[in-house]
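For reference, the structure is listed below as structure tokens.
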Amino acid sequence: MTVLQTNAGAISDYALDMGAKVEAFVREVVVPYEKDTRRDHHGAPTDELVMEMREKARAAGVLTPHIRDDGSHLTQRETAYVLIKSGLSTLGPLACNTFAPDEGNMYLIGHVGSPELKERFLAPLVSGEARSAFFMTEPAEWGGAGSDPSMMKTTCRKDGNHWVVSGRKTFITGAKGAKVGIVMAASAEEDTKGGACMFLVDLPDDAIRIDEIPNTIDNSMPGGHATLTIDEMRIPADQMLGEPGEGFKYAQVRLSPARLSHCMRWLGACIRAHEIATDYACRREAFGKLLIDHEGVGFMLAENKILIEQCELMIDWCAAVLDTGSLGTVESSMTKVSVSEAMMKIADNCVQVMGGTGVTDRTIVEQVFREVRAFRIYDGPTEVHKWSLAKKIKREWKKANEAS
């Protein structure tokens with residue numbers, strides 16, 4: 001299936017060539033690893049498996065394909081072209097180093113970090129030698145920040161030439177096994193104006209205790225989604241990412257591109273699931289004819305085709321907005337809702353078309369269904385985005401009516 005073909009004119013020859021190489025690598029090299037048994041207790045790939053695939057990606061010239069050798073990023077439209085193809089296997093983003101949270105963390109450090117911080121913390125991420133974690137979300141039972149970051153209870157305070165961070169975090173993807181962390185904490189210091197601060201830290205750290213790694217519906221990400229306690233963690237002041245009190249602003253810098261790249265990667269997975277379901281329907285016979293010739297089945301695959309095209313267009317539209325330099329907050333919210341809901345239908349249709357086979361682990365279809373179901377919550381539940389958009393609609397109505 002051709003990805004973003006209608007918009008290929010906006011994509012450089014470099015990105016087109018890289019996308020082709022990434023697709024070939026994922027289909028030919030990564031897909032066979034889907035049956036590899038090197039998994040943790042939750043079924044997530046082990047770091048041993050990830051690093052083995054990355055060595056092959058490095059040899060094939062497709063490791064961290066969204067960042068050029070000179071450190072510059074592809075445009076968002078070009079990134080979409082490449083990342084969708086990396087997602088054709090649930091292992092593809094791990095192998096190619098385009099997965100979350102690292103892809104978003106690389107983007108943030110690249111845009112906000114000082115040259116010294118980039119050399120120390122960004123370089124090992126870009127090279128694929130290290131994984132990272134983003135410490136923001138906090139436990140609900142603690143009353144901490146979830147979809148509403150203003151509820152953040154993890155604190156930081158100055159102590160000489162250090163900052164001391166204490167608090168709790170939850171659903172911290174990849175914390176176990178990560179070597180780089182971005183820690184977000186609220187500050188009461190006068191020069192931070194009550195804002196949040198971000199810090200880059202080496203992991204593991206004795207001040208961070210992992211309390212639990214729950215079993216979740218998805219299992220594509222190494223290290224799981226940990227709940228942890230941060231107990232008086234001392235961080236040198238020069239490891240602050242950006243300026244004091246600007247953490248929420250920097251979170252917005254990261255948020256829209258990271259939210260959109262989730263759409264990219266999982267669209268690739270849905271495209272692959274659709275391919276598998278189509279192959280099944282075109283080979284399997286029931287009631288005297290192929291499954292695809294039954295309208296009930298054929299119509300589900302037709303719906304998938306329509307939804308995939310819609311997802312590609314939404315992703316490209318939002319990417320084009322981000323490429324203008326806009327934060328794209330509204331556009332990324334709209335895209336995240338539209339694409340995640342459409343992908344849920346695509347994945348569900350694939351399972352339904354394949355019947356009993358669709359709910360087994362004989363193919364990746366059932367995993368794609370689980371991963372996409374989680375995506376409807378990750379990076380902001382659908383309902384939070386709709387609530388935010390409704391508030392914007394009300395503000396615009398009020399402004400228009402006041403003017404009249």
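Residues in the structure tokens are numbered from 1 in each chain, the chains being A, B, ... in the order shown, and ligands are numbered from 1 in the order shown.
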Sel. of strand (DSSP E) residues, region 83-257 of chain A, as a VMD selection string
chain A and resid 132 to 135 155 to 159 162 to 173 180 to 187 196 to 202 208 to 212 225 to 236
Find the residues of region 151-230 of chain A that sit at most 12 Å from region 106-128 of chain A; for each, write down the nearest two atoms and how far apart they are in Å, to one decimal. Count only C-alpha atoms. Sort by chain, then by number going up, and give it as a Markdown table.
```
| residue | atom | partner | partner_atom | distance |
| --- | --- | --- | --- | --- |
| A:Ala178 | CA | A:Leu125 | CA | 10.3 |
| A:Lys179 | CA | A:Phe121 | CA | 9.0 |
| A:Val180 | CA | A:Phe121 | CA | 6.6 |
| A:Gly181 | CA | A:Phe121 | CA | 8.8 |
| A:Ile182 | CA | A:Ile109 | CA | 9.2 |
| A:Met198 | CA | A:Val112 | CA | 10.5 |
| A:Phe199 | CA | A:Gly113 | CA | 10.2 |
| A:Leu200 | CA | A:Phe121 | CA | 7.5 |
| A:Val201 | CA | A:Phe121 | CA | 8.3 |
| A:Asp202 | CA | A:Phe121 | CA | 8.1 |
| A:Leu203 | CA | A:Phe121 | CA | 10.8 |
```
Could you give me the residues within region 39-282 of chain A that DSSP places in alpha helix (DSSP H), as number ranges by chain?
A: 47-60, 76-86, 92-96, 102-112, 115-117, 123-126, 247-282
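With distances restricted to only C-alpha atoms, A:Thr278 is the closest residue to Ile292 (chain A) from A:Ser72, A:Thr278, A:Gln367, A:Ser326.
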Separation of CA of Asp40 (chain A) and CA of Met53 (chain A), in Å?
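Interatomic distance here is 16.5 Å.
For Arg209 (chain A), the set of protein, DNA and RNA residues having any atom at most 7 Å away, when counting only C-alpha atoms and skipping those fewer than 6 positions along the same chain, is Leu228, Thr229 and Ile230 of chain A.
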Mind checking which residues fall within 6 Å of region 344-356 of chain A, counting only C-alpha atoms, ignoring those fewer than 6 positions away in the same chain, and posting them as a PyMOL selection string?
chain A and resi 277+297+300+304+369+372
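One finds CA of Ala175 (chain A) at 8.8 Å from CA of Pro222 (chain A).
Closest approach to Met152 (chain A) from the set A:Phe171, A:Phe135, A:Trp397, A:Trp317 is made by A:Phe135, with distances taken over only C-alpha atoms.
CA of Gly296 (chain A) lies 28.5 Å from CA of Lys336 (chain A).
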With distances taken over only C-alpha atoms, which residue among A:Gly195, A:Gly104, A:Pro236, A:Gly146 lies nearest Val164 (chain A)?
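Smallest separation from Val164 (chain A) among the options: A:Pro236.
Taking only C-alpha atoms into account, Gly242 (chain A) lies nearest to A:Cys197 out of the set A:Cys197, A:Gly61, A:Gly268, A:Gly71.
Minimum distance to Lys35 (chain A) across A:Ala15, A:Lys386, A:Val183, A:Thr90 (counting only C-alpha atoms) occurs at A:Thr90.
Between Gly43 (chain A) and the residues A:Ile217, A:Arg58, A:Phe25, A:Ala302, the shortest atom-to-atom distance, using only C-alpha atoms, involves A:Ile217.
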Residues near Asp47 (chain A), cut-off 12 Å, only C-alpha atoms, skip fewer than 4 positions along chain, as a PDB file with C-alpha atoms, in the first residue's frame:
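Generated output (around06.pdb):
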```
ATOM      1  CA  ARG A  38      12.750 -12.731  23.999  1.00  0.00           C
ATOM      2  CA  ARG A  39      10.025 -10.937  25.927  1.00  0.00           C
ATOM      3  CA  ASP A  40       9.570  -9.782  29.519  1.00  0.00           C
ATOM      4  CA  MET A  51      19.517  -3.777  20.502  1.00  0.00           C
ATOM      5  CA  GLU A  52      19.978  -6.751  18.180  1.00  0.00           C
ATOM      6  CA  MET A  53      17.431  -5.276  15.767  1.00  0.00           C
ATOM      7  CA  ARG A  54      19.045  -1.850  16.043  1.00  0.00           C
ATOM      8  CA  LEU A  91       8.643  -3.905  16.454  1.00  0.00           C
ATOM      9  CA  LEU A  94      11.888  -0.035  18.268  1.00  0.00           C
ATOM     10  CA  ALA A  95      14.251  -1.376  15.644  1.00  0.00           C
ATOM     11  CA  GLY A 128      20.222   4.215  19.512  1.00  0.00           C
ATOM     12  CA  GLU A 129      22.526   3.269  22.380  1.00  0.00           C
ATOM     13  CA  ALA A 130      20.092   4.353  25.097  1.00  0.00           C
ATOM     14  CA  ARG A 131      16.378   4.510  25.866  1.00  0.00           C
ATOM     15  CA  GLY A 174      10.118   2.648  29.554  1.00  0.00           C
ATOM     16  CA  LYS A 176      12.812   0.371  33.698  1.00  0.00           C
ATOM     17  CA  GLY A 177      15.955   0.045  31.618  1.00  0.00           C
ATOM     18  CA  ALA A 178      16.061   3.685  30.512  1.00  0.00           C
ATOM     19  CA  LYS A 179      19.378   5.547  30.670  1.00  0.00           C
ATOM     20  CA  SER A 220       4.920  -3.144  22.591  1.00  0.00           C
ATOM     21  CA  MET A 221       7.111  -0.870  24.712  1.00  0.00           C
ATOM     22  CA  PRO A 222      10.172  -2.144  26.639  1.00  0.00           C
ATOM     23  CA  GLY A 223      10.122  -1.375  30.339  1.00  0.00           C
ATOM     24  CA  GLY A 224       6.342  -1.144  30.552  1.00  0.00           C
TER      25      GLY A 224
END
```
